[in-house]
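S.K.: Handing you a structure now.
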Amino acid sequence: VTLVRREDYLAPAYRIRSVELCFDLEPAKTLVSSKLAIERNPQAAPQPLRLHGEGLTLLRVLANGESVSFRHEDGQLVIDHPPADESFTLEIRNSCCPEKNTELSGLYTSGSGFFTQCEAEGFRRITYFLDRPDVMAVYTVTLRADKAKYPVLLSNGNLVEQGELPGGRHFAKWHDPFPKPSYLFALVAADLVAREQKIRTRSGKEHLLQVFVRRGDLDKTEHAMNSLVASVVWDEARFKLPLDLERFMIVAVEDFNMGAMENKGLNIFNTKFVLASPATATDVDFFGVESVVAHEYFHNWTGNRITCRDWFQLSLKEGLTVYRDQEFSMDMSGGASARAVRRIEDVRQLRAAQFPEDAGPMAHPVRPDSYAEINNFYTATVYDKGAEVVRMMATLVGREGFANGMSLYFERHDGQAVTCDDFAQAIADANPGSALSVRLDAFKRWYAQAGTPTVTARGTYDAENRRYTLTLEQFCGPSPGQPFKFPFVIPVAMGLVAQDGSSLPLQLAGEEAPGGTSRVLVLEHPQQQWVFENVDAAPVPSLLRGFSAPVNLDDGLSDAERMVLLAHDSDAFNRWESAQKLALSRLCAAAQGLGPAALDAPLVEALRAVLRHPALDASFKELVLQLPSEGYVAEHLPVVDPQRVHEVREAMRAQLAEQLHADWIEAFERNATNEAYAPTVAQAGKRALVNMALSMLCLQSQRSGDPVWPGRAYQRFKDATNMTERLGALSALVESHAGLAEPALSRFHELFKDDALVLDKWFALQARAPELDGRVFARVKALLKHPDFSLRNPNRARSLLFSLTMFNPAAFHRADAAGYVFWADRVMDIDAMNPQLAARLARVMDRWRKLAEPYRGAAREAIARVAAKPDLSGDVREIVTRALA
Ligand code: DPP
Ligand code: ZN
């Protein structure tokens, strides 16, 4: 494995100022001609011109119109003696084969169209180029193709010319006035239709928004368009960032490795994040469309106008853009409670994906120091922890301070390719004297050091002096290549809650008066103390409110204290967190044989109180009533027996189904709505709680043998007027292994066999059912041979394989190792077609070292079998090598 290192960065020796590209599109052989205006970098030593190129057939190279000698070396096209002038033109002709491109990187065919994906290094699979983000050029692109097959021809920027060509062909010429790195190039040639909308931005300029989909999908584009309009409006209002293009296009494609891609003016999206109708998409899908549309749109400024100097800086655009889309989603959600629900969901996601990553063999800093394959670093750390780092900056400088910092960032760097340091510097410089600026260097350790710190909090109350002393300590264990960590700068938002639930005024020693009931302490040393004065009685500390930093918190609270927070904390996040911690401690104890596989009566009563609470939102109740996932429990155990974790969690779930039976019935009846479907947080919360109640009621029937609730679930499944209800009812049947699950599954398949995204749900649902006597695993193996299954389509592959291996530990981690054998075979099958996807699947074994025997030994053997395959891709090789290291 050869590594690319951040410290080896050198500015490019040549720059490309403009590109004229011409494509003759044919699936088997596409001809590409490119004319590059190249300049020498006067600061760089004279050297050969080296262009990236991968899997291309080179037909011709001319420099300043004359032939020039060249050679191939290390996958690059090397011109030893380019013209000596300061600037010159290079003309290249080459071909590539889109229909054989199963990697879905570069130019490929999907269905009957052509699409591109160039981030991170796909452009070199289209033509020879300086394929690095700090080389920014102005593109003019001509597309030529058969008119009947490919009536729509798109590229970045503005359409400048189009017309007919002989032989039934036509052409379109596009010009993008904004210099951009090659990873933002895109083209589409396909038979598509568009939903269009014009909007006027604050400056009075009119812009055309278009969402392109296949014929027949147009009725599923309204939500994407609404989300796009809302994103444009929000970015202008919140950050004063206007739409800078006359035309902004979104194109949906069925075969796509990622969620979506922010190509300048021509976003290309996985259909999953464009298409949504009430009949075919769930509330979660609607929300996913809104957030991904926003994310890609926001990249237009944070990513495209200001881009990354090199790929180590990926979080510069991704962390910041995730932060922005999270803020957007919160603002779109409405009131404080809905915002808190969003925050809880984001934190759950962070803990489910990023915390394990940070504790495993792929742990890396938000700004990595090295990589073998950059595609492996589009990670939860770069995205989600990166967003938390931006959020902490915003916490330390305040909302307005952060907006000022963003303005300074654009003032300084618009049009440039910059680093994470440049971003942090701008935020700090716009806020001199702020809690961030005075410790910027220490704060930036969040970019440099991997690992999740643990904050330990202990408080003592001095009744005589009415004083509460809070001691916070931090520690972060070693991660690969980083045996020792310097202290992090950790904003700890907190409050003190009285036993009666009221919020106490917070007056630190030395202060004249209290500074509110919630404030942010900055922990920057290994240990610090804060003394609060005028505290009338022993308080319960509510720490890390809103999850103000990506850390593990050991607050040492008693059950009774957690119950106080669960019932009364003014911070909704910590109310939820208290319930999670109460449940987690019981799950962990039971999984280690240190406690019963049952919840104690006070906790059951506390959960009942939440479920019956007259004022709490349904969405919040649903989150509180969910027990921590098996994966989350596993992360908190020193050694993991996945079967045991499953057993104890299922036992507690069954207990909640039984002991809250009447409450579930009430929740079901009270929240079932007949309102016309709208993907609002309020409605979605009710549907989620109703679905949960139905699951619990079916689960209880499975044990009691009472057929009423499965019958009602089946009826509801048949009568459902939207996919959220239909899928919820189907899940309740499948997950409780009800007899009616089979007829419901066949009916569902029959209804939706022509809708790929819905079929994905059908596969996923079956792969995620709680394991029962090996039936679920056997079913997944059978589904692999289903006529509708294919490993070629990433969504379909993920629906079955990721559902089993990532989200169904008990079905996957089998004592007979069959799950691991299955995993290894699929990683190798997929690797032969699509290394990026295979590498993602490979990562599900990251935490194998935590497993108990016999799982651990069998897992190692399966990983070693993959690693021993001689023609493995670099992508998968990096993952398995690190896993075994
Ligand atoms: N498509 C990915 C994203 O938007 C990569 N940029 O995050
Ligand atoms: Zn992104």
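Ordering of the structure tokens sets the chain letters (A, B, ...), residue numbers begin anew at 1 in every chain, and ligands are numbered from 1 in the order given.
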Could you please extract the residues within 6 Å of ligand 1, counting only C-alpha atoms and all ligand atoms, and hand them back as a PDB file with N, CA and C atoms, in the first residue's frame?

M.R.:
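As a result, pocket_2.pdb now contains:
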```pdb
ATOM      1  N   MET A 258     -22.434   7.522  -4.467  1.00  0.00           N
ATOM      2  CA  MET A 258     -22.672   8.367  -3.299  1.00  0.00           C
ATOM      3  C   MET A 258     -24.145   8.757  -3.211  1.00  0.00           C
ATOM      4  N   GLY A 259     -24.420   9.719  -2.337  1.00  0.00           N
ATOM      5  CA  GLY A 259     -25.774  10.258  -2.249  1.00  0.00           C
ATOM      6  C   GLY A 259     -26.035  11.221  -3.389  1.00  0.00           C
ATOM      7  N   ALA A 260     -25.073  12.121  -3.606  1.00  0.00           N
ATOM      8  CA  ALA A 260     -25.221  13.122  -4.648  1.00  0.00           C
ATOM      9  C   ALA A 260     -23.895  13.842  -4.830  1.00  0.00           C
ATOM     10  N   MET A 261     -23.823  14.672  -5.877  1.00  0.00           N
ATOM     11  CA  MET A 261     -22.559  15.331  -6.176  1.00  0.00           C
ATOM     12  C   MET A 261     -22.802  16.764  -6.623  1.00  0.00           C
ATOM     13  N   GLU A 262     -21.997  17.657  -6.058  1.00  0.00           N
ATOM     14  CA  GLU A 262     -22.239  19.097  -6.177  1.00  0.00           C
ATOM     15  C   GLU A 262     -21.608  19.758  -7.409  1.00  0.00           C
ATOM     16  N   GLU A 296     -25.996  19.718  -1.223  1.00  0.00           N
ATOM     17  CA  GLU A 296     -25.309  19.929  -2.506  1.00  0.00           C
ATOM     18  C   GLU A 296     -25.427  21.384  -2.945  1.00  0.00           C
ATOM     19  N   GLU A 318     -16.658  19.551   3.354  1.00  0.00           N
ATOM     20  CA  GLU A 318     -17.696  18.604   3.796  1.00  0.00           C
ATOM     21  C   GLU A 318     -18.173  18.871   5.228  1.00  0.00           C
TER      22      GLU A 318
END
```

S.K.: Skip Thr2 in chain A itself and residues of its chain fewer than 5 positions away, then list as a CSV table (one decimal) with N, CA and C atoms, in the first residue's frame all residues within 12 Å of it, counting only C-alpha atoms.

M.R.:
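Contents of selection-v2.csv, as written:
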```csv
chain,number,residue,atom,x,y,z
A,370,SER,N,-2.5,11.0,5.9
A,370,SER,CA,-2.1,10.2,4.8
A,370,SER,C,-3.3,9.3,4.3
A,371,TYR,N,-3.2,8.9,3.1
A,371,TYR,CA,-4.2,7.9,2.6
A,371,TYR,C,-3.6,7.1,1.5
A,372,ALA,N,-4.2,5.9,1.3
A,372,ALA,CA,-3.8,5.2,0.1
A,372,ALA,C,-4.8,5.5,-1.0
A,373,GLU,N,-6.0,5.4,-0.7
A,373,GLU,CA,-7.1,5.7,-1.7
A,373,GLU,C,-8.0,6.7,-1.1
A,374,ILE,N,-8.1,7.9,-1.8
A,374,ILE,CA,-8.9,9.0,-1.2
A,374,ILE,C,-10.3,8.7,-1.1
A,874,GLY,N,-7.0,-1.4,-4.8
A,874,GLY,CA,-6.3,-0.6,-3.8
A,874,GLY,C,-7.3,-0.1,-2.7
A,875,ASP,N,-8.5,0.1,-3.1
A,875,ASP,CA,-9.6,0.6,-2.1
A,875,ASP,C,-9.7,-0.5,-1.0
A,877,ARG,N,-7.9,-3.1,-0.4
A,877,ARG,CA,-6.6,-3.5,0.2
A,877,ARG,C,-6.3,-2.5,1.4
A,878,GLU,N,-6.5,-1.3,1.2
A,878,GLU,CA,-6.3,-0.3,2.3
A,878,GLU,C,-7.1,-0.7,3.5
A,881,THR,N,-6.0,-4.2,5.1
A,881,THR,CA,-4.7,-4.1,5.6
A,881,THR,C,-4.7,-3.4,7.0
```

S.K.: Can you tell me, as a list of chain:residue names, what residues are no more than 9 Å from Ala279 in chain A when counting only C-alpha atoms, ignoring any on the same chain fewer than 3 positions away?

M.R.: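 Here the answer would be A:Ala276, A:Thr282, A:Ala720, A:Thr721, A:Asn722, A:Met723, A:Thr724, A:Arg726.
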
S.K.: Hey, which of A:Lys240, A:Arg324, A:Pro27, A:Pro48 ends up closest to ligand 2? Count only C-alpha atoms and all ligand atoms.

M.R.: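 Under the stated criterion, the closest residue is A:Arg324.
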
S.K.: Got a sec: who's within 7 Å of Tyr150 in chain A, counting only C-alpha atoms, leaving out chain neighbours fewer than 2 positions off, as a compact mmCIF listing (two decimals) with N, CA and C atoms, in the first residue's frame?

M.R.:
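To be explicit, this is the file written out as selection-v2.txt:
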```txt
# COMPACT_ATOMS: atom_id res chain seq x y z
N GLY A 113 -28.53 6.22 -20.50
CA GLY A 113 -27.91 7.54 -20.58
C GLY A 113 -26.45 7.54 -20.18
N ALA A 145 -24.10 13.74 -29.76
CA ALA A 145 -24.67 12.41 -29.52
C ALA A 145 -25.89 12.19 -30.38
N ASP A 146 -26.32 10.94 -30.45
CA ASP A 146 -27.53 10.59 -31.17
C ASP A 146 -28.72 11.33 -30.56
N LYS A 147 -29.49 12.00 -31.40
CA LYS A 147 -30.54 12.86 -30.86
C LYS A 147 -31.74 12.08 -30.30
N ALA A 148 -32.08 10.98 -30.96
CA ALA A 148 -33.24 10.21 -30.50
C ALA A 148 -32.96 9.55 -29.15
N VAL A 152 -31.40 15.03 -24.32
CA VAL A 152 -30.95 16.05 -23.37
C VAL A 152 -29.43 15.97 -23.22
N LEU A 153 -28.76 17.09 -23.50
CA LEU A 153 -27.29 17.15 -23.39
C LEU A 153 -26.93 18.28 -22.43
N ALA A 189 -25.95 12.99 -20.80
CA ALA A 189 -26.63 12.85 -22.09
C ALA A 189 -27.63 11.73 -21.92
N ALA A 190 -28.90 12.05 -21.98
CA ALA A 190 -29.90 11.03 -21.69
C ALA A 190 -31.28 11.48 -22.14
N ASP A 191 -32.21 10.56 -22.02
CA ASP A 191 -33.60 10.85 -22.37
C ASP A 191 -34.32 11.21 -21.07
```

S.K.: Which of range 223-278 of chain A counts as alpha helix (DSSP H) under DSSP, as a ChimeraX atom specification please?

M.R.: /A:223-239

S.K.: Can those selected residues be exported to a file as a compact mmCIF listing (two decimals), in the first residue's frame so that it contains N, CA and C atoms?

M.R.:
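Result went into selection.txt, see below:
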```txt
# COMPACT_ATOMS: atom_id res chain seq x y z
N HIS A 223 -41.02 17.64 -4.26
CA HIS A 223 -40.36 17.87 -2.97
C HIS A 223 -38.90 18.30 -3.16
N ALA A 224 -38.24 17.71 -4.14
CA ALA A 224 -36.85 18.11 -4.42
C ALA A 224 -36.81 19.58 -4.85
N MET A 225 -37.75 19.96 -5.72
CA MET A 225 -37.78 21.35 -6.17
C MET A 225 -38.09 22.30 -5.01
N ASN A 226 -39.05 21.94 -4.19
CA ASN A 226 -39.36 22.79 -3.03
C ASN A 226 -38.14 22.91 -2.12
N SER A 227 -37.44 21.82 -1.96
CA SER A 227 -36.26 21.83 -1.09
C SER A 227 -35.17 22.72 -1.67
N LEU A 228 -35.05 22.68 -3.00
CA LEU A 228 -34.05 23.52 -3.66
C LEU A 228 -34.38 25.00 -3.48
N VAL A 229 -35.63 25.34 -3.71
CA VAL A 229 -36.05 26.73 -3.55
C VAL A 229 -35.79 27.18 -2.10
N ALA A 230 -36.16 26.34 -1.15
CA ALA A 230 -35.96 26.69 0.26
C ALA A 230 -34.47 26.86 0.57
N SER A 231 -33.64 26.06 -0.04
CA SER A 231 -32.20 26.15 0.20
C SER A 231 -31.63 27.47 -0.33
N VAL A 232 -32.10 27.84 -1.52
CA VAL A 232 -31.63 29.10 -2.12
C VAL A 232 -32.00 30.27 -1.21
N VAL A 233 -33.24 30.25 -0.74
CA VAL A 233 -33.73 31.33 0.11
C VAL A 233 -32.97 31.36 1.43
N TRP A 234 -32.77 30.20 2.01
CA TRP A 234 -32.11 30.11 3.33
C TRP A 234 -30.68 30.61 3.27
N ASP A 235 -29.92 30.20 2.24
CA ASP A 235 -28.50 30.58 2.20
C ASP A 235 -28.34 32.08 2.02
N GLU A 236 -29.29 32.66 1.32
CA GLU A 236 -29.23 34.10 1.14
C GLU A 236 -29.59 34.82 2.44
N ALA A 237 -30.57 34.28 3.15
CA ALA A 237 -31.01 34.92 4.39
C ALA A 237 -30.01 34.71 5.52
N ARG A 238 -29.53 33.51 5.67
CA ARG A 238 -28.71 33.21 6.84
C ARG A 238 -27.25 33.64 6.64
N PHE A 239 -26.70 33.41 5.46
CA PHE A 239 -25.28 33.70 5.24
C PHE A 239 -25.01 34.71 4.13
```

S.K.: Of the residues A:Phe377, A:Phe423, A:Val188, A:Val160, which is the one nearest to Ala839 in chain A, using only C-alpha atoms?

M.R.: A:Phe377

S.K.: What's around Glu647 in chain A at 12 Å? Count only C-alpha atoms, leave out sequence neighbours fewer than 2 positions away in its own chain, and write the answer as an MDAnalysis selection string.

M.R.: chainID A and resid 587:588 590:593 596:598 630 641:645 649:654 770:772 809:811

S.K.: Restricted to N, CA and C atoms, what would the selected residues look like written as a PDB file, in the first residue's frame?

M.R.:
```pdb
ATOM      1  N   LEU A 587     -28.505  -2.397  29.806  1.00  0.00           N
ATOM      2  CA  LEU A 587     -28.140  -3.274  28.688  1.00  0.00           C
ATOM      3  C   LEU A 587     -26.711  -3.793  28.839  1.00  0.00           C
ATOM      4  N   CYS A 588     -25.804  -2.889  29.206  1.00  0.00           N
ATOM      5  CA  CYS A 588     -24.405  -3.289  29.320  1.00  0.00           C
ATOM      6  C   CYS A 588     -24.214  -4.273  30.469  1.00  0.00           C
ATOM      7  N   ALA A 590     -26.423  -6.314  31.725  1.00  0.00           N
ATOM      8  CA  ALA A 590     -27.015  -7.608  31.379  1.00  0.00           C
ATOM      9  C   ALA A 590     -26.156  -8.350  30.360  1.00  0.00           C
ATOM     10  N   ALA A 591     -25.624  -7.608  29.388  1.00  0.00           N
ATOM     11  CA  ALA A 591     -24.822  -8.255  28.348  1.00  0.00           C
ATOM     12  C   ALA A 591     -23.554  -8.869  28.925  1.00  0.00           C
ATOM     13  N   GLN A 592     -23.093  -8.328  30.060  1.00  0.00           N
ATOM     14  CA  GLN A 592     -21.885  -8.875  30.685  1.00  0.00           C
ATOM     15  C   GLN A 592     -22.216  -9.834  31.825  1.00  0.00           C
ATOM     16  N   GLY A 593     -23.486 -10.152  31.956  1.00  0.00           N
ATOM     17  CA  GLY A 593     -23.881 -11.054  33.033  1.00  0.00           C
ATOM     18  C   GLY A 593     -23.806 -10.411  34.401  1.00  0.00           C
ATOM     19  N   PRO A 596     -29.704  -8.270  35.506  1.00  0.00           N
ATOM     20  CA  PRO A 596     -30.773  -9.015  34.847  1.00  0.00           C
ATOM     21  C   PRO A 596     -31.055  -8.464  33.444  1.00  0.00           C
ATOM     22  N   ALA A 597     -31.541  -9.312  32.539  1.00  0.00           N
ATOM     23  CA  ALA A 597     -31.931  -8.858  31.202  1.00  0.00           C
ATOM     24  C   ALA A 597     -33.331  -8.267  31.291  1.00  0.00           C
ATOM     25  N   ALA A 598     -33.468  -7.305  32.174  1.00  0.00           N
ATOM     26  CA  ALA A 598     -34.778  -6.697  32.389  1.00  0.00           C
ATOM     27  C   ALA A 598     -34.594  -5.272  32.878  1.00  0.00           C
ATOM     28  N   GLU A 630     -28.151  -2.179  19.124  1.00  0.00           N
ATOM     29  CA  GLU A 630     -27.179  -3.218  19.472  1.00  0.00           C
ATOM     30  C   GLU A 630     -25.756  -2.741  19.176  1.00  0.00           C
ATOM     31  N   ASP A 641     -20.236 -10.028  22.652  1.00  0.00           N
ATOM     32  CA  ASP A 641     -20.888 -11.232  22.141  1.00  0.00           C
ATOM     33  C   ASP A 641     -22.191 -10.762  21.490  1.00  0.00           C
ATOM     34  N   PRO A 642     -22.201 -10.625  20.158  1.00  0.00           N
ATOM     35  CA  PRO A 642     -23.361 -10.006  19.497  1.00  0.00           C
ATOM     36  C   PRO A 642     -24.662 -10.752  19.771  1.00  0.00           C
ATOM     37  N   GLN A 643     -24.581 -12.067  19.924  1.00  0.00           N
ATOM     38  CA  GLN A 643     -25.804 -12.830  20.197  1.00  0.00           C
ATOM     39  C   GLN A 643     -26.363 -12.489  21.570  1.00  0.00           C
ATOM     40  N   ARG A 644     -25.458 -12.329  22.508  1.00  0.00           N
ATOM     41  CA  ARG A 644     -25.881 -11.997  23.876  1.00  0.00           C
ATOM     42  C   ARG A 644     -26.503 -10.585  23.907  1.00  0.00           C
ATOM     43  N   VAL A 645     -25.870  -9.642  23.214  1.00  0.00           N
ATOM     44  CA  VAL A 645     -26.403  -8.277  23.177  1.00  0.00           C
ATOM     45  C   VAL A 645     -27.816  -8.289  22.582  1.00  0.00           C
ATOM     46  N   ARG A 649     -31.260  -7.240  24.638  1.00  0.00           N
ATOM     47  CA  ARG A 649     -32.034  -6.105  24.130  1.00  0.00           C
ATOM     48  C   ARG A 649     -33.436  -6.542  23.727  1.00  0.00           C
ATOM     49  N   GLU A 650     -33.517  -7.696  23.079  1.00  0.00           N
ATOM     50  CA  GLU A 650     -34.844  -8.201  22.701  1.00  0.00           C
ATOM     51  C   GLU A 650     -35.690  -8.475  23.944  1.00  0.00           C
ATOM     52  N   ALA A 651     -35.039  -8.968  24.987  1.00  0.00           N
ATOM     53  CA  ALA A 651     -35.790  -9.243  26.216  1.00  0.00           C
ATOM     54  C   ALA A 651     -36.360  -7.943  26.786  1.00  0.00           C
ATOM     55  N   MET A 652     -35.570  -6.887  26.747  1.00  0.00           N
ATOM     56  CA  MET A 652     -36.046  -5.611  27.293  1.00  0.00           C
ATOM     57  C   MET A 652     -37.118  -4.991  26.397  1.00  0.00           C
ATOM     58  N   ARG A 653     -36.960  -5.192  25.107  1.00  0.00           N
ATOM     59  CA  ARG A 653     -37.983  -4.692  24.181  1.00  0.00           C
ATOM     60  C   ARG A 653     -39.311  -5.420  24.431  1.00  0.00           C
ATOM     61  N   ALA A 654     -39.210  -6.730  24.595  1.00  0.00           N
ATOM     62  CA  ALA A 654     -40.413  -7.522  24.848  1.00  0.00           C
ATOM     63  C   ALA A 654     -41.066  -7.077  26.161  1.00  0.00           C
ATOM     64  N   PRO A 770     -35.283  -8.969  13.003  1.00  0.00           N
ATOM     65  CA  PRO A 770     -34.549  -9.604  14.105  1.00  0.00           C
ATOM     66  C   PRO A 770     -34.355 -11.094  13.816  1.00  0.00           C
ATOM     67  N   GLU A 771     -33.143 -11.571  14.023  1.00  0.00           N
ATOM     68  CA  GLU A 771     -32.853 -12.967  13.690  1.00  0.00           C
ATOM     69  C   GLU A 771     -33.658 -13.919  14.565  1.00  0.00           C
ATOM     70  N   LEU A 772     -34.113 -15.001  13.939  1.00  0.00           N
ATOM     71  CA  LEU A 772     -34.861 -16.028  14.660  1.00  0.00           C
ATOM     72  C   LEU A 772     -34.446 -17.366  14.045  1.00  0.00           C
ATOM     73  N   PRO A 809     -26.742  -7.170  13.530  1.00  0.00           N
ATOM     74  CA  PRO A 809     -25.606  -7.909  14.087  1.00  0.00           C
ATOM     75  C   PRO A 809     -25.938  -9.367  14.427  1.00  0.00           C
ATOM     76  N   ALA A 810     -27.130  -9.617  14.942  1.00  0.00           N
ATOM     77  CA  ALA A 810     -27.416 -10.985  15.380  1.00  0.00           C
ATOM     78  C   ALA A 810     -27.576 -11.950  14.212  1.00  0.00           C
ATOM     79  N   ALA A 811     -28.023 -11.440  13.060  1.00  0.00           N
ATOM     80  CA  ALA A 811     -28.137 -12.308  11.897  1.00  0.00           C
ATOM     81  C   ALA A 811     -26.774 -12.495  11.231  1.00  0.00           C
TER      82      ALA A 811
END
```
